[in-house]
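Source file: data-v6.json. Holds: JSON, C-alpha atoms.
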[["chain", "number", "residue", "atom", "x", "y", "z"],
["M", 941, "MET", "CA", 246.72, 34.16, 330.16],
["M", 942, "VAL", "CA", 243.66, 36.26, 329.36],
["M", 943, "HIS", "CA", 241.24, 36.94, 332.17],
["M", 944, "TRP", "CA", 237.49, 36.79, 331.53],
["M", 945, "SER", "CA", 235.10, 38.26, 334.06],
["M", 946, "ALA", "CA", 231.81, 36.55, 334.82],
["M", 947, "GLU", "CA", 230.02, 39.35, 332.98],
["M", 948, "GLU", "CA", 232.20, 38.89, 329.89],
["M", 949, "LYS", "CA", 231.54, 35.14, 329.88],
["M", 950, "GLN", "CA", 227.82, 35.88, 330.11],
["M", 951, "LEU", "CA", 227.98, 38.33, 327.21],
["M", 952, "ILE", "CA", 229.85, 35.81, 325.10],
["M", 953, "ALA", "CA", 227.54, 32.89, 325.88],
["M", 954, "GLY", "CA", 224.44, 35.03, 325.49],
["M", 955, "VAL", "CA", 225.34, 36.07, 321.97],
["M", 956, "TRP", "CA", 226.77, 32.72, 320.90],
["M", 957, "GLY", "CA", 223.65, 30.89, 322.01],
["M", 958, "LYS", "CA", 221.61, 32.86, 319.50],
["M", 959, "VAL", "CA", 224.03, 32.73, 316.56],
["M", 960, "SER", "CA", 223.46, 30.54, 313.52],
["M", 961, "VAL", "CA", 227.02, 29.37, 312.97],
["M", 962, "GLU", "CA", 226.30, 28.48, 309.35],
["M", 963, "GLU", "CA", 224.63, 31.78, 308.39],
["M", 964, "CYS", "CA", 226.90, 34.00, 310.40],
["M", 965, "GLY", "CA", 230.06, 32.21, 309.28],
["M", 966, "ALA", "CA", 229.06, 32.37, 305.62],
["M", 967, "GLU", "CA", 228.20, 36.05, 305.88],
["M", 968, "ALA", "CA", 231.38, 36.97, 307.74],
["M", 969, "LEU", "CA", 233.65, 35.23, 305.24],
["M", 970, "ALA", "CA", 231.74, 36.66, 302.26],
["M", 971, "ARG", "CA", 232.01, 40.17, 303.67],
["M", 972, "LEU", "CA", 235.73, 39.69, 304.33],
["M", 973, "LEU", "CA", 236.25, 38.80, 300.67],
["M", 974, "ILE", "CA", 234.07, 41.73, 299.51],
["M", 975, "VAL", "CA", 235.21, 44.48, 301.90],
["M", 976, "TYR", "CA", 238.91, 43.50, 301.77],
["M", 977, "PRO", "CA", 239.22, 41.97, 298.30],
["M", 978, "TRP", "CA", 242.92, 41.26, 298.67],
["M", 979, "THR", "CA", 241.93, 38.48, 301.08],
["M", 980, "GLN", "CA", 240.71, 36.56, 298.03],
["M", 981, "ARG", "CA", 244.35, 35.67, 297.44],
["M", 982, "PHE", "CA", 243.95, 32.68, 299.74],
["M", 983, "PHE", "CA", 240.98, 31.26, 297.88],
["M", 984, "SER", "CA", 242.02, 30.94, 294.24],
["M", 985, "ASN", "CA", 240.48, 27.46, 294.16],
["M", 986, "PHE", "CA", 237.07, 28.64, 295.32],
["M", 987, "GLY", "CA", 235.76, 29.30, 291.83],
["M", 988, "ASN", "CA", 233.73, 32.40, 291.05],
["M", 989, "LEU", "CA", 234.62, 35.35, 293.30],
["M", 990, "SER", "CA", 234.15, 37.92, 290.57],
["M", 991, "SER", "CA", 231.41, 40.01, 292.22],
["M", 992, "PRO", "CA", 229.72, 40.47, 295.60],
["M", 993, "THR", "CA", 226.75, 38.45, 294.30],
["M", 994, "ALA", "CA", 229.05, 35.64, 293.16],
["M", 995, "ILE", "CA", 230.88, 35.63, 296.48],
["M", 996, "ILE", "CA", 227.70, 35.58, 298.58],
["M", 997, "GLY", "CA", 226.26, 32.72, 296.52],
["M", 998, "ASN", "CA", 229.48, 30.73, 296.31],
["M", 999, "PRO", "CA", 228.95, 27.36, 298.05],
["M", 1000, "LYS", "CA", 232.66, 27.01, 298.91],
["M", 1001, "VAL", "CA", 232.58, 30.39, 300.63],
["M", 1002, "ARG", "CA", 229.52, 29.37, 302.62],
["M", 1003, "ALA", "CA", 231.04, 26.03, 303.60],
["M", 1004, "HIS", "CA", 234.36, 27.53, 304.59],
["M", 1005, "GLY", "CA", 232.66, 30.32, 306.52],
["M", 1006, "LYS", "CA", 230.76, 27.71, 308.50],
["M", 1007, "LYS", "CA", 234.00, 25.82, 309.17],
["M", 1008, "VAL", "CA", 235.77, 28.94, 310.42],
["M", 1009, "LEU", "CA", 232.96, 29.98, 312.75],
["M", 1010, "THR", "CA", 232.54, 26.43, 314.05],
["M", 1011, "SER", "CA", 236.18, 26.61, 315.09],
["M", 1012, "PHE", "CA", 235.37, 29.86, 316.85],
["M", 1013, "GLY", "CA", 232.91, 27.85, 318.92],
["M", 1014, "ASP", "CA", 235.85, 25.77, 320.17],
["M", 1015, "ALA", "CA", 237.46, 28.95, 321.41],
["M", 1016, "ILE", "CA", 234.34, 29.86, 323.33],
["M", 1017, "LYS", "CA", 234.32, 26.43, 325.01],
["M", 1018, "ASN", "CA", 237.98, 26.88, 325.99],
["M", 1019, "LEU", "CA", 238.29, 30.53, 326.94],
["M", 1020, "ASP", "CA", 240.90, 29.68, 329.55],
["M", 1021, "ASN", "CA", 243.22, 27.91, 327.13],
["M", 1022, "LEU", "CA", 242.98, 29.62, 323.77],
["M", 1023, "LYS", "CA", 246.65, 29.19, 322.90],
["M", 1024, "GLY", "CA", 246.44, 25.44, 323.53],
["M", 1025, "THR", "CA", 243.16, 25.14, 321.66],
["M", 1026, "TYR", "CA", 244.54, 26.86, 318.57],
["M", 1027, "SER", "CA", 248.10, 25.51, 318.67],
["M", 1028, "LYS", "CA", 247.72, 23.14, 315.73],
["M", 1029, "LEU", "CA", 245.58, 25.56, 313.71],
["M", 1030, "SER", "CA", 248.19, 28.23, 314.27],
["M", 1031, "GLU", "CA", 250.93, 25.99, 312.89],
["M", 1032, "LEU", "CA", 248.73, 25.12, 309.94],
["M", 1033, "HIS", "CA", 248.01, 28.77, 309.09],
["M", 1034, "CYS", "CA", 251.71, 29.57, 309.25],
["M", 1035, "ASP", "CA", 253.41, 26.56, 307.72],
["M", 1036, "LYS", "CA", 250.87, 25.33, 305.20],
["M", 1037, "LEU", "CA", 248.42, 28.14, 304.49],
["M", 1038, "HIS", "CA", 250.88, 31.07, 304.80],
["M", 1039, "VAL", "CA", 248.23, 33.49, 306.05],
["M", 1040, "ASP", "CA", 249.37, 36.88, 307.38],
["M", 1041, "PRO", "CA", 247.90, 37.13, 310.91],
["M", 1042, "GLU", "CA", 246.57, 40.58, 310.03],
["M", 1043, "ASN", "CA", 243.84, 38.68, 308.18],
["M", 1044, "PHE", "CA", 242.60, 37.18, 311.47],
["M", 1045, "ARG", "CA", 242.13, 40.71, 312.79],
["M", 1046, "LEU", "CA", 240.28, 41.75, 309.65],
["M", 1047, "LEU", "CA", 237.92, 38.77, 309.92],
["M", 1048, "GLY", "CA", 237.38, 39.50, 313.60],
["M", 1049, "ASP", "CA", 236.33, 43.09, 312.81],
["M", 1050, "ILE", "CA", 233.97, 41.85, 310.10],
["M", 1051, "LEU", "CA", 232.42, 39.34, 312.51],
["M", 1052, "ILE", "CA", 231.68, 42.19, 314.92],
["M", 1053, "ILE", "CA", 229.81, 44.07, 312.19],
["M", 1054, "VAL", "CA", 227.81, 40.95, 311.27],
["M", 1055, "LEU", "CA", 226.86, 40.44, 314.93],
["M", 1056, "ALA", "CA", 225.94, 44.12, 315.28],
["M", 1057, "ALA", "CA", 223.61, 43.95, 312.27],
["M", 1058, "HIS", "CA", 222.06, 40.75, 313.58],
["M", 1059, "PHE", "CA", 221.56, 41.73, 317.23],
["M", 1060, "THR", "CA", 221.08, 45.52, 316.70],
["M", 1061, "LYS", "CA", 220.24, 47.22, 320.02],
["M", 1062, "ASP", "CA", 221.07, 44.07, 321.99],
["M", 1063, "PHE", "CA", 224.66, 44.44, 320.82],
["M", 1064, "THR", "CA", 225.37, 46.90, 323.61],
["M", 1065, "PRO", "CA", 228.69, 48.73, 324.02],
["M", 1066, "ALA", "CA", 229.66, 46.21, 326.73],
["M", 1067, "CYS", "CA", 228.78, 43.38, 324.38],
["M", 1068, "GLN", "CA", 230.81, 44.90, 321.56],
["M", 1069, "ALA", "CA", 233.77, 45.48, 323.87],
["M", 1070, "THR", "CA", 233.70, 41.87, 325.08],
["M", 1071, "TRP", "CA", 233.41, 40.44, 321.59],
["M", 1072, "GLN", "CA", 236.09, 42.76, 320.22],
["M", 1073, "LYS", "CA", 238.31, 41.48, 323.03],
["M", 1074, "LEU", "CA", 237.41, 37.88, 322.12],
["M", 1075, "VAL", "CA", 238.18, 38.23, 318.42],
["M", 1076, "GLY", "CA", 241.44, 39.96, 319.31],
["M", 1077, "VAL", "CA", 242.47, 37.15, 321.62],
["M", 1078, "VAL", "CA", 241.51, 34.50, 319.06],
["M", 1079, "ALA", "CA", 243.57, 36.31, 316.41],
["M", 1080, "HIS", "CA", 246.49, 36.45, 318.82],
["M", 1081, "ALA", "CA", 246.19, 32.73, 319.62],
["M", 1082, "LEU", "CA", 246.10, 31.86, 315.92],
["M", 1083, "ALA", "CA", 249.27, 33.88, 315.37],
["M", 1084, "HIS", "CA", 251.02, 32.47, 318.41],
["M", 1085, "LYS", "CA", 252.85, 29.60, 316.72],
["M", 1086, "TYR", "CA", 254.09, 31.68, 313.80],
["M", 1087, "HIS", "CA", 257.79, 31.67, 313.17],
["E", 1465, "MET", "CA", 242.82, 53.53, 297.51],
["E", 1466, "VAL", "CA", 240.33, 55.28, 295.26],
["E", 1467, "LEU", "CA", 236.60, 55.75, 295.78],
["E", 1468, "SER", "CA", 234.74, 54.53, 292.70],
["E", 1469, "ALA", "CA", 231.59, 56.18, 291.42],
["E", 1470, "ALA", "CA", 229.62, 53.33, 293.01],
["E", 1471, "ASP", "CA", 231.40, 53.88, 296.34],
["E", 1472, "LYS", "CA", 230.50, 57.57, 296.28],
["E", 1473, "THR", "CA", 226.87, 56.77, 295.51],
["E", 1474, "ASN", "CA", 226.76, 54.21, 298.32],
["E", 1475, "VAL", "CA", 228.29, 56.59, 300.85],
["E", 1476, "LYS", "CA", 225.96, 59.44, 299.94],
["E", 1477, "GLY", "CA", 223.07, 56.98, 300.19],
["E", 1478, "VAL", "CA", 224.06, 55.97, 303.72],
["E", 1479, "PHE", "CA", 224.37, 59.53, 304.92],
["E", 1480, "GLY", "CA", 221.08, 60.36, 303.24],
["E", 1481, "LYS", "CA", 219.41, 57.57, 305.25],
["E", 1482, "ILE", "CA", 221.16, 58.63, 308.47],
["E", 1483, "GLY", "CA", 220.00, 62.22, 307.99],
["E", 1484, "GLY", "CA", 219.49, 64.09, 311.24],
["E", 1485, "GLN", "CA", 220.58, 61.07, 313.31],
["E", 1486, "ALA", "CA", 224.21, 61.74, 312.38],
["E", 1487, "ASP", "CA", 224.88, 63.60, 315.64],
["E", 1488, "ALA", "CA", 223.57, 60.69, 317.71],
["E", 1489, "TYR", "CA", 225.57, 58.21, 315.63],
["E", 1490, "GLY", "CA", 228.71, 60.25, 316.23],
["E", 1491, "ALA", "CA", 228.14, 60.25, 319.98],
["E", 1492, "GLU", "CA", 227.37, 56.54, 320.06],
["E", 1493, "ALA", "CA", 230.45, 55.72, 317.98],
["E", 1494, "LEU", "CA", 232.61, 57.62, 320.45],
["E", 1495, "GLU", "CA", 230.96, 55.95, 323.44],
["E", 1496, "ARG", "CA", 231.57, 52.53, 321.89],
["E", 1497, "MET", "CA", 235.16, 53.44, 321.03],
["E", 1498, "PHE", "CA", 235.90, 54.47, 324.62],
["E", 1499, "THR", "CA", 234.35, 51.24, 325.95],
["E", 1500, "THR", "CA", 235.87, 48.89, 323.38],
["E", 1501, "TYR", "CA", 239.29, 50.53, 323.09],
["E", 1502, "PRO", "CA", 239.99, 52.14, 326.48],
["E", 1503, "GLN", "CA", 243.38, 53.44, 325.28],
["E", 1504, "THR", "CA", 241.47, 55.98, 323.15],
["E", 1505, "LYS", "CA", 240.34, 57.70, 326.35],
["E", 1506, "THR", "CA", 243.89, 58.98, 326.77],
["E", 1507, "TYR", "CA", 243.09, 61.70, 324.26],
["E", 1508, "PHE", "CA", 240.26, 63.02, 326.42],
["E", 1509, "PRO", "CA", 241.59, 63.45, 329.98],
["E", 1510, "HIS", "CA", 239.71, 66.74, 330.11],
["E", 1511, "PHE", "CA", 236.34, 65.14, 329.30],
["E", 1512, "ASP", "CA", 233.66, 63.58, 331.42],
["E", 1513, "LEU", "CA", 233.41, 60.21, 329.68],
["E", 1514, "SER", "CA", 230.60, 58.76, 331.77],
["E", 1515, "LYS", "CA", 227.48, 57.46, 330.03],
["E", 1516, "GLY", "CA", 225.32, 60.24, 328.58],
["E", 1517, "SER", "CA", 228.08, 62.82, 328.95],
["E", 1518, "ALA", "CA", 227.20, 66.14, 327.36],
["E", 1519, "GLN", "CA", 230.82, 66.56, 326.32],
["E", 1520, "VAL", "CA", 230.79, 63.24, 324.46],
["E", 1521, "LYS", "CA", 227.49, 64.19, 322.81],
["E", 1522, "GLY", "CA", 228.96, 67.52, 321.77],
["E", 1523, "HIS", "CA", 232.09, 65.92, 320.42],
["E", 1524, "GLY", "CA", 230.08, 63.24, 318.62],
["E", 1525, "LYS", "CA", 228.23, 66.05, 316.87],
["E", 1526, "LYS", "CA", 231.54, 67.52, 315.67],
["E", 1527, "VAL", "CA", 232.78, 64.15, 314.43],
["E", 1528, "ALA", "CA", 229.49, 63.50, 312.62],
["E", 1529, "ALA", "CA", 229.54, 66.96, 311.03],
["E", 1530, "ALA", "CA", 233.00, 66.28, 309.64],
["E", 1531, "LEU", "CA", 231.91, 62.94, 308.17],
["E", 1532, "VAL", "CA", 228.81, 64.54, 306.63],
["E", 1533, "GLU", "CA", 230.98, 67.34, 305.20],
["E", 1534, "ALA", "CA", 233.34, 64.75, 303.72],
["E", 1535, "ALA", "CA", 230.42, 62.81, 302.23],
["E", 1536, "ASN", "CA", 228.95, 65.99, 300.75],
["E", 1537, "ASN", "CA", 232.32, 66.84, 299.20],
["E", 1538, "ILE", "CA", 233.32, 63.33, 298.39],
["E", 1539, "ASP", "CA", 235.18, 64.32, 295.24],
["E", 1540, "ASP", "CA", 237.58, 66.39, 297.31],
["E", 1541, "ILE", "CA", 237.71, 65.08, 300.88],
["E", 1542, "ALA", "CA", 241.21, 66.53, 301.33],
["E", 1543, "GLY", "CA", 239.95, 69.99, 300.44],
["E", 1544, "ALA", "CA", 236.83, 69.71, 302.57],
["E", 1545, "LEU", "CA", 238.77, 68.56, 305.66],
["E", 1546, "SER", "CA", 241.93, 70.61, 305.10],
["E", 1547, "LYS", "CA", 241.52, 72.70, 308.27],
["E", 1548, "LEU", "CA", 240.73, 69.60, 310.34],
["E", 1549, "SER", "CA", 243.77, 67.92, 308.85],
["E", 1550, "ASP", "CA", 245.94, 70.87, 310.00],
["E", 1551, "LEU", "CA", 244.38, 70.70, 313.45],
["E", 1552, "HIS", "CA", 245.11, 67.00, 313.84],
["E", 1553, "ALA", "CA", 248.68, 67.40, 312.61],
["E", 1554, "GLN", "CA", 249.64, 70.45, 314.61],
["E", 1555, "LYS", "CA", 247.59, 70.31, 317.76],
["E", 1556, "LEU", "CA", 245.73, 67.07, 318.36],
["E", 1557, "ARG", "CA", 248.28, 64.57, 317.00],
["E", 1558, "VAL", "CA", 246.02, 61.57, 317.52],
["E", 1559, "ASP", "CA", 248.01, 58.48, 316.59],
["E", 1560, "PRO", "CA", 246.89, 57.28, 313.13],
["E", 1561, "VAL", "CA", 245.93, 53.83, 314.41],
["E", 1562, "ASN", "CA", 242.98, 55.34, 316.29],
["E", 1563, "PHE", "CA", 241.11, 56.48, 313.18],
["E", 1564, "LYS", "CA", 240.64, 52.84, 312.23],
["E", 1565, "LEU", "CA", 239.21, 52.15, 315.70],
["E", 1566, "LEU", "CA", 236.66, 54.98, 315.46],
["E", 1567, "GLY", "CA", 235.84, 53.87, 311.91],
["E", 1568, "GLN", "CA", 235.09, 50.35, 313.16],
["E", 1569, "CYS", "CA", 232.78, 51.75, 315.84],
["E", 1570, "PHE", "CA", 231.00, 53.98, 313.34],
["E", 1571, "LEU", "CA", 230.37, 50.96, 311.14],
["E", 1572, "VAL", "CA", 228.98, 49.09, 314.16],
["E", 1573, "VAL", "CA", 226.59, 51.97, 314.90],
["E", 1574, "VAL", "CA", 225.38, 52.04, 311.29],
["E", 1575, "ALA", "CA", 224.94, 48.24, 311.40],
["E", 1576, "ILE", "CA", 222.92, 48.44, 314.59],
["E", 1577, "HIS", "CA", 220.55, 51.18, 313.46],
["E", 1578, "ASN", "CA", 220.35, 50.33, 309.74],
["E", 1579, "PRO", "CA", 221.18, 46.66, 309.26],
["E", 1580, "SER", "CA", 219.34, 46.50, 305.92],
["E", 1581, "VAL", "CA", 221.25, 49.50, 304.55],
["E", 1582, "LEU", "CA", 224.64, 47.94, 305.28],
["E", 1583, "THR", "CA", 224.75, 45.43, 302.44],
["E", 1584, "PRO", "CA", 228.20, 43.95, 301.77],
["E", 1585, "GLU", "CA", 228.73, 46.43, 298.90],
["E", 1586, "VAL", "CA", 227.72, 49.43, 301.02],
["E", 1587, "HIS", "CA", 229.81, 48.08, 303.91],
["E", 1588, "ALA", "CA", 232.84, 47.99, 301.60],
["E", 1589, "SER", "CA", 232.21, 51.53, 300.32],
["E", 1590, "LEU", "CA", 231.67, 52.98, 303.79],
["E", 1591, "ASP", "CA", 234.79, 51.25, 305.11],
["E", 1592, "LYS", "CA", 236.81, 52.71, 302.21],
["E", 1593, "PHE", "CA", 235.32, 56.17, 302.85],
["E", 1594, "LEU", "CA", 236.18, 56.06, 306.56],
["E", 1595, "CYS", "CA", 239.73, 54.96, 305.66],
["E", 1596, "ALA", "CA", 239.99, 57.85, 303.22],
["E", 1597, "VAL", "CA", 238.88, 60.31, 305.91],
["E", 1598, "GLY", "CA", 241.47, 58.91, 308.33],
["E", 1599, "THR", "CA", 244.15, 59.18, 305.67],
["E", 1600, "VAL", "CA", 243.27, 62.83, 305.01],
["E", 1601, "LEU", "CA", 243.28, 63.69, 308.71],
["E", 1602, "THR", "CA", 246.76, 62.20, 309.18],
["E", 1603, "ALA", "CA", 248.19, 63.29, 305.83],
["E", 1604, "LYS", "CA", 250.11, 66.28, 307.19],
["E", 1605, "TYR", "CA", 251.54, 64.51, 310.25],
["E", 1606, "ARG", "CA", 255.05, 64.43, 308.78]]

Any chance you could put this one into C-alpha cells?
Amino acid sequence: MVHWSAEEKQLIAGVWGKVSVEECGAEALARLLIVYPWTQRFFSNFGNLSSPTAIIGNPKVRAHGKKVLTSFGDAIKNLDNLKGTYSKLSELHCDKLHVDPENFRLLGDILIIVLAAHFTKDFTPACQATWQKLVGVVAHALAHKYH
Amino acid sequence: MVLSAADKTNVKGVFGKIGGQADAYGAEALERMFTTYPQTKTYFPHFDLSKGSAQVKGHGKKVAAALVEAANNIDDIAGALSKLSDLHAQKLRVDPVNFKLLGQCFLVVVAIHNPSVLTPEVHASLDKFLCAVGTVLTAKYR
C-alpha cells in the first residue's frame, strides 16, 4: 500500500481544491491527443480530431476529459485504497477498452504540465513531486487488474 | 520521429523567449528532477544537492547550454551534440530512461514561467525536441 505523509495529503488537497475539473480535464485530454497523437487511436468515434484547434474545440473531448478528471477526484478521496477504488475501471480498461497502461502514464505527465501552467510558482518542487507520485500511483492502480 | 518545419519554428520561438533565463531554467529543471525522481540523484553522489547548490546551478547552466546549442542547430542536433553524445556513451552512461524524466521537468519549468507560450502545439514541438535530444545523447550507447 502506498504511504502518504501529512504534507503530501496537504499538497494534494491544496491543489485539488483550486482545480476546475471541467477545464483542467478538457485541457489535459486535448493535450494528450495533440502531444501524443497516437493516443487518438482510442477515440475514432469522437469526430473531428484533425488539428489542435479541432481537438481543443471538440465537445466529446471536453466531456470525456471532464469524466476522466472527475474519476481522479475519487482517487483523491480514497488515497488509502486506490487499487480498490479503481478495480472495476481497471478491468474495463483492460477487457473492454484495450488501453495500454503506458497511456495512463502519458496522461499523468500531461496533467502535471497543465497544473504547472495553471499554478505557476505555487507549483513548487514538493508539489510537483507529490503530484507526480499521485499520477504514478493512479496509473499503477488502473493497470493493476490487467491480465 | 522527425521535427517538422513548424516544430523547429516553435522550438526556436521558445528558446528565444527564454533568452538569458536558460541557465536558471536548467538549474530549476535539475532541482525538480532530483526532488520528483530521487533515483536520478544516484548519478550525482559527488554533488551537493541541497537547495540553492552552486554545483546544481553550474550543472543546470551546462544542461541549458546544450539545449540552446541543439535549438540553434536544430537541423543537425546529432552533429551539434556529437561530443556530448560520446561523453554520455563512454563516460557518463546515464540510463536512457532518465532523459525523459529531465525532459518532463524542463517542460514543467517552461510551463511555470511561460504558461502562455506553452500552447498545445508548442508543447508538442518542445516535447518532440527534448525526445530528439535524448535520442541523440544515447545514440552511441551500443

Residue nearest Glu1495 in chain E - candidates M:Val1077, M:Ala1069, M:Ala1083, M:Ile996, atoms counted: only C-alpha atoms: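 Going through M:Val1077, M:Ala1069, M:Ala1083, M:Ile996 one by one, the smallest distance to Glu1495 in chain E is for M:Ala1069.
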
CA of Asn1021 in chain M to CA of Trp944 in chain M, distance in Å rounded to a single decimal: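 Calculated distance between CA of Asn1021 in chain M and CA of Trp944 in chain M is 11.4 Å.
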
Within 9 Å of Asn1536 in chain E, counting all atoms listed in the file, which residues qualify if same-chain residues fewer than 5 places away don't, as a PyMOL selection string? chain E and resi 1476+1479+1531+1541+1544

My list of candidates is E:Asp1487, E:Ile1482, E:Thr1504, E:Lys1564. Which is closest to Pro1579 in chain E when distances are computed with all atoms listed in the file?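 Ranking E:Asp1487, E:Ile1482, E:Thr1504, E:Lys1564 by distance to Pro1579 in chain E, first place goes to E:Ile1482.
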
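Using all atoms listed in the file, the part of chain M that sits within 7 Å of chain E is made up of M:Arg971, M:Ile974, M:Val975, M:Pro992, M:Ile1053, M:Ala1056, M:Ala1057, M:Thr1060, M:Lys1061, M:Pro1065, M:Ala1066, M:Gln1068, M:Ala1069, M:Gln1072.
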
I'd like the contact shell of range 1022-1027 of chain M - 7 Å cut-off, all atoms listed in the file, skipping same-chain residues fewer than 5 positions apart - returned as a list in words.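 Residues meeting the cut-off are Ala1015, Val1078, Ala1081, Leu1082 and Lys1085 of chain M.
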
Polymer residues at most 8 Å from (231.2, 31.8, 309.0) by only C-alpha atoms, as a VMD selection string: chain M and resid 961 to 969 1002 to 1010

Selected residues, C-alpha atoms, written as a PDB file, in the coordinates of the input, please.
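What ended up in selection-v7.pdb:
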ATOM      1  CA  VAL M 961     227.020  29.370 312.970  1.00  0.00           C
ATOM      2  CA  GLU M 962     226.300  28.480 309.350  1.00  0.00           C
ATOM      3  CA  GLU M 963     224.630  31.780 308.390  1.00  0.00           C
ATOM      4  CA  CYS M 964     226.900  34.000 310.400  1.00  0.00           C
ATOM      5  CA  GLY M 965     230.060  32.210 309.280  1.00  0.00           C
ATOM      6  CA  ALA M 966     229.060  32.370 305.620  1.00  0.00           C
ATOM      7  CA  GLU M 967     228.200  36.050 305.880  1.00  0.00           C
ATOM      8  CA  ALA M 968     231.380  36.970 307.740  1.00  0.00           C
ATOM      9  CA  LEU M 969     233.650  35.230 305.240  1.00  0.00           C
ATOM     10  CA  ARG M1002     229.520  29.370 302.620  1.00  0.00           C
ATOM     11  CA  ALA M1003     231.040  26.030 303.600  1.00  0.00           C
ATOM     12  CA  HIS M1004     234.360  27.530 304.590  1.00  0.00           C
ATOM     13  CA  GLY M1005     232.660  30.320 306.520  1.00  0.00           C
ATOM     14  CA  LYS M1006     230.760  27.710 308.500  1.00  0.00           C
ATOM     15  CA  LYS M1007     234.000  25.820 309.170  1.00  0.00           C
ATOM     16  CA  VAL M1008     235.770  28.940 310.420  1.00  0.00           C
ATOM     17  CA  LEU M1009     232.960  29.980 312.750  1.00  0.00           C
ATOM     18  CA  THR M1010     232.540  26.430 314.050  1.00  0.00           C
TER      19      THR M1010
END
